[in-house]
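One file, my_file03.cif, is given below (mmCIF, C-alpha atoms and all ligand atoms).
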```cif
data_data
#
loop_
_atom_site.label_atom_id
_atom_site.label_comp_id
_atom_site.auth_asym_id
_atom_site.auth_seq_id
_atom_site.Cartn_x
_atom_site.Cartn_y
_atom_site.Cartn_z
CA MET F 35 -0.48 27.94 4.92
CA ASP F 36 -3.95 26.55 5.54
CA LEU F 37 -6.39 25.20 2.94
CA ASP F 38 -8.80 28.07 3.67
CA GLU F 39 -6.17 30.53 2.52
CA LEU F 40 -6.10 29.19 -1.03
CA PRO F 41 -7.94 31.49 -3.46
CA GLY F 42 -11.44 30.16 -4.14
CA VAL F 43 -11.49 28.00 -0.99
CA GLY F 44 -13.80 29.16 1.79
CA PRO F 45 -14.41 27.33 5.07
CA ALA F 46 -17.22 25.22 3.56
CA ILE F 47 -15.15 24.00 0.59
CA ALA F 48 -12.13 23.44 2.84
CA GLU F 49 -14.27 21.23 5.05
CA LYS F 50 -15.51 19.18 2.09
CA LEU F 51 -11.98 18.77 0.79
CA ARG F 52 -10.71 17.64 4.18
CA GLU F 53 -13.54 15.14 4.53
CA ALA F 54 -12.60 13.66 1.16
CA GLY F 55 -9.00 13.26 2.30
CA PHE F 56 -7.53 16.37 0.66
CA ASN F 57 -6.14 17.64 3.93
CA SER F 58 -2.85 19.15 2.88
CA LEU F 59 -1.61 21.47 0.16
CA GLU F 60 0.42 18.57 -1.25
CA ALA F 61 -2.66 16.37 -1.60
CA ILE F 62 -4.50 19.10 -3.50
CA ALA F 63 -1.47 19.97 -5.60
CA VAL F 64 -1.34 16.46 -7.08
CA ALA F 65 -5.13 16.05 -7.49
CA SER F 66 -6.85 16.28 -10.85
CA PRO F 67 -9.47 19.03 -11.33
CA MET F 68 -12.21 16.42 -11.83
CA GLU F 69 -11.47 14.89 -8.43
CA LEU F 70 -12.03 18.23 -6.74
CA VAL F 71 -15.13 18.92 -8.83
CA ALA F 72 -16.62 15.64 -7.64
CA THR F 73 -15.72 16.03 -3.96
CA ALA F 74 -16.18 19.74 -3.30
CA GLU F 75 -19.06 20.50 -5.67
CA ILE F 76 -17.23 23.31 -7.40
CA GLY F 77 -16.77 24.20 -11.07
CA GLU F 78 -13.85 22.91 -13.09
CA ALA F 79 -12.35 26.38 -13.51
CA THR F 80 -12.35 26.97 -9.76
CA ALA F 81 -10.86 23.52 -9.21
CA SER F 82 -8.00 24.27 -11.62
CA LYS F 83 -7.34 27.59 -9.91
CA ILE F 84 -7.20 25.92 -6.49
CA ILE F 85 -4.81 23.25 -7.74
CA THR F 86 -2.49 25.80 -9.35
CA ALA F 87 -2.38 27.83 -6.14
CA ALA F 88 -1.71 24.71 -4.07
CA ARG F 89 1.13 23.73 -6.41
CA GLU F 90 2.76 27.12 -5.99
CA ALA F 91 2.29 27.09 -2.23
CA ALA F 92 3.54 23.54 -1.82
CA ASP F 93 6.29 24.03 -4.39
CA ILE F 94 5.54 20.93 -6.46
CA GLY F 95 4.38 20.13 -9.93
CA GLY F 96 7.02 21.30 -12.40
CA PHE F 97 10.19 19.76 -13.78
CA GLU F 98 12.88 18.70 -11.41
CA THR F 99 16.58 18.43 -12.00
CA GLY F 100 18.28 15.07 -11.55
CA ASP F 101 20.15 16.14 -8.44
CA LYS F 102 16.85 17.04 -6.72
CA ILE F 103 15.48 13.59 -7.60
CA LEU F 104 18.62 12.03 -6.23
CA GLU F 105 18.15 14.00 -3.01
CA ARG F 106 14.55 12.82 -2.65
CA ARG F 107 15.64 9.26 -3.30
CA HIS F 108 18.12 9.62 -0.44
CA ASN F 109 15.10 9.80 1.83
CA ILE F 110 13.80 6.44 0.63
CA GLY F 111 13.60 4.06 3.54
CA LYS F 112 13.73 0.26 3.43
CA LEU F 113 11.58 -1.97 5.55
CA THR F 114 12.61 -5.48 6.54
CA THR F 115 10.30 -8.44 6.01
CA GLY F 116 11.97 -10.40 8.80
CA SER F 117 13.69 -12.64 6.26
CA LYS F 118 17.17 -11.72 5.02
CA SER F 119 16.81 -13.65 1.79
CA LEU F 120 13.46 -12.04 0.99
CA ASP F 121 14.90 -8.59 1.80
CA GLU F 122 17.89 -9.20 -0.46
CA LEU F 123 15.64 -10.25 -3.31
CA ILE F 124 14.16 -6.74 -3.37
CA GLY F 125 17.35 -4.84 -2.70
CA GLY F 126 17.31 -4.68 1.09
CA GLY F 127 13.64 -4.49 2.02
CA LEU F 128 10.39 -2.87 0.86
CA GLU F 129 11.00 0.67 -0.37
CA THR F 130 9.09 3.74 0.73
CA GLN F 131 7.59 5.91 -2.04
CA ALA F 132 6.85 2.70 -3.95
CA LEU F 133 4.08 0.14 -4.23
CA THR F 134 4.96 -3.50 -3.64
CA GLU F 135 2.53 -6.23 -4.64
CA PHE F 136 2.55 -9.75 -3.20
CA TYR F 137 0.44 -12.16 -5.19
CA GLY F 138 -0.11 -15.87 -4.89
CA GLU F 139 -2.60 -18.58 -4.08
CA PHE F 140 -4.40 -19.03 -0.72
CA GLY F 141 -2.08 -19.84 2.15
CA SER F 142 1.01 -18.60 0.29
CA GLY F 143 1.78 -16.14 3.09
CA LYS F 144 0.49 -12.77 1.85
CA THR F 145 -1.48 -11.94 5.00
CA GLN F 146 1.32 -13.25 7.22
CA ILE F 147 3.79 -10.89 5.53
CA ALA F 148 1.32 -8.02 5.97
CA HIS F 149 1.14 -8.71 9.74
CA GLN F 150 4.92 -8.96 9.93
CA LEU F 151 5.48 -5.61 8.19
CA ALA F 152 3.03 -3.90 10.57
CA VAL F 153 5.35 -5.02 13.38
CA THR F 154 8.76 -4.41 11.78
CA VAL F 155 7.80 -0.89 10.61
CA GLN F 156 7.82 0.07 14.30
CA LEU F 157 11.45 -0.95 14.78
CA PRO F 158 14.25 1.64 14.60
CA PRO F 159 16.13 1.90 11.28
CA GLU F 160 19.16 0.03 12.63
CA LYS F 161 16.90 -2.98 13.08
CA GLY F 162 15.35 -2.67 9.64
CA GLY F 163 12.30 -0.62 10.62
CA LEU F 164 11.11 2.90 9.92
CA ASN F 165 10.16 4.00 13.43
CA GLY F 166 6.61 4.42 12.25
CA SER F 167 3.08 3.18 12.60
CA ALA F 168 0.97 1.19 10.16
CA ILE F 169 -2.36 1.52 8.44
CA ILE F 170 -4.08 -1.72 7.42
CA ILE F 171 -7.07 -1.79 5.12
CA ASP F 172 -8.49 -5.22 5.77
CA THR F 173 -10.94 -6.29 3.08
CA GLU F 174 -11.23 -9.97 3.99
CA ASN F 175 -11.44 -9.72 7.76
CA THR F 176 -8.16 -11.57 8.25
CA PHE F 177 -6.39 -9.19 10.65
CA ARG F 178 -5.53 -11.14 13.82
CA PRO F 179 -4.20 -9.27 16.90
CA ASP F 180 -2.99 -12.61 18.26
CA ARG F 181 -0.57 -12.97 15.36
CA ILE F 182 0.73 -9.46 16.07
CA LYS F 183 1.33 -10.63 19.63
CA ASP F 184 3.39 -13.64 18.46
CA MET F 185 5.36 -11.53 16.02
CA SER F 186 5.97 -8.73 18.56
CA GLU F 187 7.48 -11.29 20.90
CA GLY F 188 9.58 -12.54 17.97
CA ALA F 189 10.81 -8.97 17.46
CA GLU F 190 11.34 -8.41 21.20
CA LEU F 191 8.70 -5.67 21.34
CA ASP F 192 5.87 -5.14 23.81
CA TYR F 193 2.76 -6.23 21.93
CA ASN F 194 0.54 -3.72 23.75
CA ASP F 195 2.60 -0.87 22.34
CA VAL F 196 2.79 -2.51 18.93
CA LEU F 197 -0.99 -2.96 18.67
CA LYS F 198 -1.51 0.71 19.54
CA ASN F 199 0.48 1.73 16.47
CA ILE F 200 -1.48 -0.39 14.01
CA HIS F 201 -4.57 1.36 12.63
CA VAL F 202 -6.93 -1.17 11.09
CA ALA F 203 -10.04 -0.45 9.06
CA ARG F 204 -12.29 -3.14 7.72
CA ALA F 205 -13.46 -2.36 4.15
CA TYR F 206 -16.97 -3.59 3.49
CA ASN F 207 -17.06 -3.07 -0.28
CA SER F 208 -14.89 -1.64 -3.02
CA ASN F 209 -16.25 1.90 -2.67
CA HIS F 210 -15.57 1.83 1.03
CA GLN F 211 -12.08 0.55 0.30
CA ILE F 212 -11.42 3.44 -2.10
CA LEU F 213 -12.70 5.90 0.49
CA LEU F 214 -10.46 4.46 3.20
CA VAL F 215 -7.31 5.12 1.15
CA GLU F 216 -8.49 8.67 0.58
CA THR F 217 -9.19 9.29 4.26
CA ALA F 218 -5.97 7.59 5.39
CA GLY F 219 -4.33 10.90 4.47
CA ALA F 220 -6.09 12.62 7.36
CA LEU F 221 -4.83 10.04 9.85
CA ALA F 222 -1.29 10.33 8.48
CA GLU F 223 -1.48 14.11 8.78
CA GLU F 224 -2.62 13.75 12.39
CA LEU F 225 0.26 11.45 13.28
CA LYS F 226 2.91 13.31 11.27
CA ALA F 227 4.40 15.23 14.18
CA THR F 228 4.18 12.34 16.68
CA GLU F 229 6.82 9.79 17.64
CA LYS F 230 5.29 7.25 15.24
CA PRO F 231 4.26 8.83 11.94
CA VAL F 232 2.56 6.54 9.42
CA ARG F 233 5.24 4.84 7.33
CA LEU F 234 3.29 1.84 6.02
CA MET F 235 -0.01 1.31 4.24
CA ILE F 236 -1.28 -2.21 3.65
CA ILE F 237 -4.25 -3.17 1.49
CA ASP F 238 -5.06 -6.85 2.05
CA SER F 239 -6.51 -7.76 -0.41
CA ALA F 240 -6.41 -4.94 -2.94
CA THR F 241 -8.52 -6.76 -5.52
CA ALA F 242 -10.88 -9.22 -3.78
CA GLN F 243 -13.79 -6.79 -3.31
CA PHE F 244 -13.54 -5.61 -6.90
CA ARG F 245 -13.40 -9.17 -8.13
CA SER F 246 -16.56 -10.21 -6.33
CA GLU F 247 -18.51 -7.07 -7.21
CA TYR F 248 -17.68 -6.77 -10.86
CA VAL F 249 -18.83 -9.96 -12.46
CA GLY F 250 -19.01 -10.57 -16.19
CA ARG F 251 -17.11 -9.12 -19.10
CA GLY F 252 -19.28 -6.03 -19.57
CA THR F 253 -18.09 -4.47 -16.35
CA LEU F 254 -14.41 -5.40 -16.70
CA ALA F 255 -13.23 -2.09 -18.16
CA ASP F 256 -15.02 -0.19 -15.40
CA ARG F 257 -13.47 -2.45 -12.76
CA GLN F 258 -9.96 -2.06 -14.16
CA GLN F 259 -10.31 1.70 -14.25
CA LYS F 260 -11.45 1.78 -10.62
CA ILE F 261 -8.60 -0.47 -9.49
CA ASN F 262 -6.17 1.67 -11.45
CA ARG F 263 -7.28 4.88 -9.77
CA HIS F 264 -7.40 3.25 -6.37
CA LEU F 265 -3.82 2.01 -6.64
CA HIS F 266 -2.63 5.40 -7.82
CA ASP F 267 -4.25 6.92 -4.72
CA ALA F 268 -2.32 4.41 -2.60
CA LEU F 269 0.95 5.17 -4.37
CA ARG F 270 0.36 8.87 -3.91
CA PHE F 271 -0.09 8.22 -0.18
CA GLY F 272 3.33 6.55 -0.22
CA ASP F 273 4.93 9.52 -1.99
CA LEU F 274 3.40 12.14 0.28
CA ASN F 275 4.24 10.31 3.50
CA ASN F 276 7.50 8.65 2.45
CA ALA F 277 5.70 5.41 3.32
CA VAL F 278 5.82 1.81 2.12
CA VAL F 279 2.69 0.72 0.27
CA MET F 280 2.10 -3.05 0.36
CA ILE F 281 -0.81 -4.68 -1.41
CA THR F 282 -1.85 -8.30 -1.75
CA ASN F 283 -3.54 -9.95 -4.68
CA GLN F 284 -4.85 -13.42 -5.34
CA VAL F 285 -4.28 -15.44 -8.47
CA MET F 286 -6.90 -16.95 -10.71
CA ALA F 287 -6.77 -19.91 -13.04
CA LYS F 288 -5.76 -19.09 -16.58
CA PRO F 289 -8.03 -21.31 -18.64
CA ASP F 290 -6.03 -20.90 -21.85
CA ALA F 291 -2.61 -21.77 -20.43
CA PHE F 292 -0.98 -24.73 -22.13
CA PHE F 293 2.57 -23.96 -21.02
CA GLY F 294 4.12 -22.61 -17.86
CA ASP F 295 2.29 -21.45 -14.78
CA PRO F 296 -1.48 -21.91 -15.11
CA THR F 297 -2.32 -18.97 -12.84
CA ARG F 298 -2.22 -15.20 -13.16
CA PRO F 299 -2.76 -12.31 -10.74
CA ILE F 300 -6.15 -10.62 -10.64
CA GLY F 301 -6.26 -7.22 -12.25
CA GLY F 302 -3.48 -8.34 -14.59
CA HIS F 303 -1.52 -5.59 -16.25
CA ILE F 304 -3.41 -2.76 -14.45
CA VAL F 305 -1.92 -3.75 -11.13
CA GLY F 306 1.36 -4.61 -12.86
CA HIS F 307 1.88 -1.14 -14.23
CA THR F 308 1.26 0.60 -10.92
CA ALA F 309 3.26 -1.79 -8.74
CA THR F 310 6.94 -0.88 -8.52
CA PHE F 311 7.83 -4.33 -7.22
CA ARG F 312 5.80 -7.51 -7.83
CA LEU F 313 6.46 -10.69 -5.89
CA TYR F 314 4.89 -14.01 -6.74
CA LEU F 315 4.59 -16.33 -3.72
CA ARG F 316 4.17 -20.06 -3.84
CA LYS F 317 4.02 -22.78 -1.23
CA SER F 318 6.86 -25.18 -0.67
CA LYS F 319 7.49 -27.85 2.00
CA GLY F 320 5.93 -27.15 5.43
CA GLU F 321 6.61 -23.60 6.54
CA LYS F 322 8.75 -22.83 3.51
CA ARG F 323 7.60 -20.43 0.82
CA VAL F 324 9.22 -19.29 -2.41
CA ALA F 325 9.06 -15.68 -3.56
CA LYS F 326 9.85 -14.75 -7.13
CA LEU F 327 10.61 -11.15 -8.06
CA VAL F 328 8.59 -10.63 -11.21
CA ASP F 329 8.93 -6.95 -11.87
CA SER F 330 11.30 -4.35 -10.51
CA PRO F 331 12.92 -1.19 -11.85
CA ASN F 332 16.49 -2.16 -11.01
CA MET F 333 16.73 -5.69 -9.61
CA PRO F 334 17.16 -8.88 -11.65
CA GLU F 335 14.37 -11.47 -11.78
CA ALA F 336 15.26 -13.97 -9.07
CA GLU F 337 13.84 -16.18 -6.30
CA ALA F 338 14.19 -16.40 -2.53
CA VAL F 339 13.09 -18.97 0.04
CA PHE F 340 11.60 -17.82 3.34
CA SER F 341 9.46 -19.40 6.03
CA VAL F 342 6.28 -18.56 7.90
CA SER F 343 7.19 -19.55 11.47
CA SER F 344 5.24 -19.22 14.70
CA ILE F 345 7.14 -16.01 15.58
CA GLY F 346 6.81 -14.54 12.11
CA ILE F 347 8.54 -14.36 8.75
CA ARG F 348 12.08 -15.68 8.87
CA ASP F 349 14.71 -17.16 6.51
P1 LIG C 401 -5.38 -15.95 1.11
O1 LIG C 401 -5.61 -14.65 1.80
O2 LIG C 401 -6.34 -17.00 1.50
O3 LIG C 401 -5.27 -15.82 -0.38
O4 LIG C 401 -3.95 -16.51 1.60
P2 LIG C 401 -2.67 -15.77 2.16
O5 LIG C 401 -1.60 -15.79 1.12
O6 LIG C 401 -3.00 -14.46 2.77
O7 LIG C 401 -2.19 -16.76 3.28
P3 LIG C 401 -1.77 -16.44 4.77
O8 LIG C 401 -0.73 -15.40 4.80
O9 LIG C 401 -2.98 -16.25 5.58
O10 LIG C 401 -1.04 -17.80 5.12
C1 LIG C 401 -1.66 -18.77 5.87
C2 LIG C 401 -0.56 -19.73 6.26
O11 LIG C 401 0.32 -19.08 7.18
C3 LIG C 401 -1.10 -20.92 6.96
O12 LIG C 401 -1.44 -21.92 6.04
C4 LIG C 401 0.07 -21.31 7.82
O13 LIG C 401 0.95 -22.08 7.05
C5 LIG C 401 0.75 -20.01 8.12
N1 LIG C 401 0.37 -19.54 9.46
C6 LIG C 401 -0.69 -18.79 9.81
N2 LIG C 401 -0.74 -18.59 11.14
C7 LIG C 401 0.34 -19.24 11.62
C8 LIG C 401 0.87 -19.41 12.94
O14 LIG C 401 0.32 -18.94 13.92
N3 LIG C 401 2.02 -20.13 13.05
C9 LIG C 401 2.64 -20.65 11.98
N4 LIG C 401 3.78 -21.36 12.15
N5 LIG C 401 2.17 -20.51 10.72
C10 LIG C 401 1.04 -19.82 10.56
MG MG C 402 -4.80 -13.44 3.07
#
```

Do you think you could lay out the structure here as structure tokens?
Amino acid sequence: MDLDELPGVGPAIAEKLREAGFNSLEAIAVASPMELVATAEIGEATASKIITAAREAADIGGFETGDKILERRHNIGKLTTGSKSLDELIGGGLETQALTEFYGEFGSGKTQIAHQLAVTVQLPPEKGGLNGSAIIIDTENTFRPDRIKDMSEGAELDYNDVLKNIHVARAYNSNHQILLVETAGALAEELKATEKPVRLMIIDSATAQFRSEYVGRGTLADRQQKINRHLHDALRFGDLNNAVVMITNQVMAKPDAFFGDPTRPIGGHIVGHTATFRLYLRKSKGEKRVAKLVDSPNMPEAEAVFSVSSIGIRD
């Protein structure tokens, strides 16, 4: 069934919805009426009607029995980081249909891990990959094809092929960043039936643009709300595409900390509630880094040591 066939959706509205990233029945089925009102310039009643029809057509939205959930969870894939100890810390790799946050100070390895995942996602499952391609939303202009080349060689892959399966978009401000997650759906839809469907979305960094644009306490609530919605969009992308969602986040000094670690991740509890897994990275000797699992639904809080080597992330 095509979008145009939904009651209340003509060709013009279908076009607007597609442009805004609502390019499948599933995407519309899980949208809120206000989102459609804003993007397609339609009334709230029409929006609700469209969503209800999409839910029926796509067969989602109601209660599910536990066995169905178990079945869906059987489809969850795991993506290797290149380091066995780091993989073990999170139960065998980054999960699809979940959002994993890496936070830590500058140079702690967040961007290096992002590059590594964009390579390993292309590997077959028996090698820890997902046989897929990657989308990178680069907000700090730190994507380096040369590093992909090094890491491809480390993974015994042809870097020319690897680079072709990494779709990078530079985000110039927070609104642009939000838009890119929305439109990533169209790209994923396009690649769905190919040999390399999108199985990984990276946002590096998820918070930096918001941090620099929203200055001062008055705008904090607005900023948090925007980040919250943005991350939910990203998570939804992961659900719809059975993809891994990886985001990075810096830390800031906690001026009132007398005990313990004097830093905290930007976005605080907003990011924390959306992220399924949170990993805190810190530097150790030379190439060594320490990752601490801070938050996870079913893994104990623990630490792992990995290294950032010339050929990529390793034990
Ligand atoms: P910010 O984005 O600044 O917050 O930091 P980040 O956590 O993203 O740091 P990033 O992942 O960029 O880590 C940078 C570190 O990775 C460098 O300090 C190096 O230690 C290491 N690194 C980067 N490129 C190479 C490389 O080509 N070879 C090796 N061996 N290490 C590298
Ligand atoms: Mg970085």

Show me which residues line ligand MG 402 (chain C), defined as having an atom within 9 Å of a ligand atom where all atoms listed in the file count, and present them as a compact mmCIF listing (two decimals) with C-alpha atoms, in the coordinates of the input.
```
# COMPACT_ATOMS: atom_id res chain seq x y z
CA PHE F 140 -4.40 -19.03 -0.72
CA GLY F 141 -2.08 -19.84 2.15
CA SER F 142 1.01 -18.60 0.29
CA GLY F 143 1.78 -16.14 3.09
CA LYS F 144 0.49 -12.77 1.85
CA THR F 145 -1.48 -11.94 5.00
CA GLN F 146 1.32 -13.25 7.22
CA ALA F 148 1.32 -8.02 5.97
CA GLU F 174 -11.23 -9.97 3.99
CA ASN F 175 -11.44 -9.72 7.76
CA THR F 176 -8.16 -11.57 8.25
CA PHE F 177 -6.39 -9.19 10.65
CA ASP F 238 -5.06 -6.85 2.05
CA SER F 239 -6.51 -7.76 -0.41
CA THR F 282 -1.85 -8.30 -1.75
CA ASN F 283 -3.54 -9.95 -4.68
CA GLN F 284 -4.85 -13.42 -5.34
```

Residue nearest ligand LIG 401 (chain C) among F:Leu214, F:Met280, F:Ile147, F:Ala168 (counting only C-alpha atoms and all ligand atoms):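 Closest residue, counting only C-alpha atoms and all ligand atoms: F:Ile147.
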
Cut-off 12 Å around (-17.5, 1.0, -6.0) with only C-alpha atoms: residues as a count of residues only: 25

All residues 12 Å or closer to Val202 in chain F, only C-alpha atoms, same chain fewer than 5 positions away omitted, as a PDB file with C-alpha atoms, keeping the file's coordinate frame:
```
ATOM      1  CA  ALA F 148       1.320  -8.020   5.970  1.00  0.00           C
ATOM      2  CA  HIS F 149       1.140  -8.710   9.740  1.00  0.00           C
ATOM      3  CA  ALA F 152       3.030  -3.900  10.570  1.00  0.00           C
ATOM      4  CA  SER F 167       3.080   3.180  12.600  1.00  0.00           C
ATOM      5  CA  ALA F 168       0.970   1.190  10.160  1.00  0.00           C
ATOM      6  CA  ILE F 169      -2.360   1.520   8.440  1.00  0.00           C
ATOM      7  CA  ILE F 170      -4.080  -1.720   7.420  1.00  0.00           C
ATOM      8  CA  ILE F 171      -7.070  -1.790   5.120  1.00  0.00           C
ATOM      9  CA  ASP F 172      -8.490  -5.220   5.770  1.00  0.00           C
ATOM     10  CA  THR F 173     -10.940  -6.290   3.080  1.00  0.00           C
ATOM     11  CA  ASN F 175     -11.440  -9.720   7.760  1.00  0.00           C
ATOM     12  CA  THR F 176      -8.160 -11.570   8.250  1.00  0.00           C
ATOM     13  CA  PHE F 177      -6.390  -9.190  10.650  1.00  0.00           C
ATOM     14  CA  ARG F 178      -5.530 -11.140  13.820  1.00  0.00           C
ATOM     15  CA  PRO F 179      -4.200  -9.270  16.900  1.00  0.00           C
ATOM     16  CA  LEU F 197      -0.990  -2.960  18.670  1.00  0.00           C
ATOM     17  CA  LEU F 214     -10.460   4.460   3.200  1.00  0.00           C
ATOM     18  CA  VAL F 215      -7.310   5.120   1.150  1.00  0.00           C
ATOM     19  CA  ALA F 218      -5.970   7.590   5.390  1.00  0.00           C
ATOM     20  CA  LEU F 221      -4.830  10.040   9.850  1.00  0.00           C
ATOM     21  CA  LEU F 234       3.290   1.840   6.020  1.00  0.00           C
ATOM     22  CA  MET F 235      -0.010   1.310   4.240  1.00  0.00           C
ATOM     23  CA  ILE F 236      -1.280  -2.210   3.650  1.00  0.00           C
ATOM     24  CA  ILE F 237      -4.250  -3.170   1.490  1.00  0.00           C
ATOM     25  CA  ASP F 238      -5.060  -6.850   2.050  1.00  0.00           C
TER      26      ASP F 238
END
```

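The nearest approach to Ser82 in chain F among the residues F:Ile281, F:Leu40, F:Leu313, F:Ile103, with only C-alpha atoms taken into account, belongs to F:Leu40.
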
Distance query range 77-81 of chain F at most 9 Å, only C-alpha atoms, self and fewer than 3 positions along chain excluded, as a ChimeraX atom specification: /F:41-43,66-71,74,84-86

Would you place a box with edges along x, y and z of the file around all atoms of ligand LIG 401 (chain C) listed there, add 8 Å to each of its six sides, and report the centre and edge lengths in Å to one decimal, as AutoDock Vina command-line options?
```
--center_x -1.3 --center_y -18.3 --center_z 6.8 --size_x 26.1 --size_y 23.6 --size_z 30.3
```

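The coordinates place CA of Val279 in chain F at 29.3 Å from CA of Ile47 in chain F.
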
Counting all atoms listed in the file, the option among F:Ile300, F:Leu269, F:Asn332, F:Lys317 closest to Leu133 in chain F: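 The shortest atom-to-atom distance to Leu133 in chain F comes from F:Leu269.
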
Since the input has fewer atoms than a full residue there, write range 304-310 of chain F out with all heavy atoms, as a PDB file, in the frame of the given file.
```pdb
ATOM      1  N   ILE F 304      -3.083  -4.025 -15.135  1.00  0.00           N
ATOM      2  CA  ILE F 304      -3.410  -2.760 -14.450  1.00  0.00           C
ATOM      3  C   ILE F 304      -2.617  -2.660 -13.157  1.00  0.00           C
ATOM      4  O   ILE F 304      -1.955  -1.673 -12.891  1.00  0.00           O
ATOM      5  CB  ILE F 304      -4.924  -2.681 -14.127  1.00  0.00           C
ATOM      6  CG1 ILE F 304      -5.735  -2.554 -15.414  1.00  0.00           C
ATOM      7  CG2 ILE F 304      -5.215  -1.535 -13.182  1.00  0.00           C
ATOM      8  CD1 ILE F 304      -5.574  -1.213 -16.100  1.00  0.00           C
ATOM      9  N   VAL F 305      -2.670  -3.738 -12.368  1.00  0.00           N
ATOM     10  CA  VAL F 305      -1.920  -3.750 -11.130  1.00  0.00           C
ATOM     11  C   VAL F 305      -0.429  -3.726 -11.459  1.00  0.00           C
ATOM     12  O   VAL F 305       0.356  -3.000 -10.859  1.00  0.00           O
ATOM     13  CB  VAL F 305      -2.253  -4.999 -10.281  1.00  0.00           C
ATOM     14  CG1 VAL F 305      -1.451  -4.995  -8.998  1.00  0.00           C
ATOM     15  CG2 VAL F 305      -3.746  -5.037  -9.967  1.00  0.00           C
ATOM     16  N   GLY F 306      -0.051  -4.487 -12.481  1.00  0.00           N
ATOM     17  CA  GLY F 306       1.360  -4.610 -12.860  1.00  0.00           C
ATOM     18  C   GLY F 306       2.015  -3.295 -13.191  1.00  0.00           C
ATOM     19  O   GLY F 306       3.161  -3.059 -12.835  1.00  0.00           O
ATOM     20  N   HIS F 307       1.284  -2.411 -13.847  1.00  0.00           N
ATOM     21  CA  HIS F 307       1.880  -1.140 -14.230  1.00  0.00           C
ATOM     22  C   HIS F 307       2.040  -0.183 -13.064  1.00  0.00           C
ATOM     23  O   HIS F 307       2.906   0.686 -13.086  1.00  0.00           O
ATOM     24  CB  HIS F 307       1.059  -0.468 -15.339  1.00  0.00           C
ATOM     25  CG  HIS F 307       1.237  -1.146 -16.662  1.00  0.00           C
ATOM     26  ND1 HIS F 307       2.466  -1.586 -17.099  1.00  0.00           N
ATOM     27  CD2 HIS F 307       0.373  -1.464 -17.635  1.00  0.00           C
ATOM     28  CE1 HIS F 307       2.327  -2.147 -18.285  1.00  0.00           C
ATOM     29  NE2 HIS F 307       1.064  -2.099 -18.628  1.00  0.00           N
ATOM     30  N   THR F 308       1.184  -0.315 -12.057  1.00  0.00           N
ATOM     31  CA  THR F 308       1.260   0.600 -10.920  1.00  0.00           C
ATOM     32  C   THR F 308       2.274   0.100  -9.888  1.00  0.00           C
ATOM     33  O   THR F 308       2.950   0.888  -9.253  1.00  0.00           O
ATOM     34  CB  THR F 308      -0.120   0.747 -10.247  1.00  0.00           C
ATOM     35  OG1 THR F 308      -1.077   0.963 -11.266  1.00  0.00           O
ATOM     36  CG2 THR F 308      -0.142   1.927  -9.292  1.00  0.00           C
ATOM     37  N   ALA F 309       2.360  -1.221  -9.739  1.00  0.00           N
ATOM     38  CA  ALA F 309       3.260  -1.790  -8.740  1.00  0.00           C
ATOM     39  C   ALA F 309       4.707  -1.565  -9.164  1.00  0.00           C
ATOM     40  O   ALA F 309       5.068  -1.813 -10.307  1.00  0.00           O
ATOM     41  CB  ALA F 309       2.982  -3.274  -8.559  1.00  0.00           C
ATOM     42  N   THR F 310       5.522  -1.075  -8.235  1.00  0.00           N
ATOM     43  CA  THR F 310       6.940  -0.880  -8.520  1.00  0.00           C
ATOM     44  C   THR F 310       7.670  -2.209  -8.402  1.00  0.00           C
ATOM     45  O   THR F 310       8.570  -2.503  -9.170  1.00  0.00           O
ATOM     46  CB  THR F 310       7.550   0.136  -7.532  1.00  0.00           C
ATOM     47  OG1 THR F 310       6.574   1.134  -7.232  1.00  0.00           O
ATOM     48  CG2 THR F 310       8.761   0.812  -8.120  1.00  0.00           C
TER      49      THR F 310
END
```
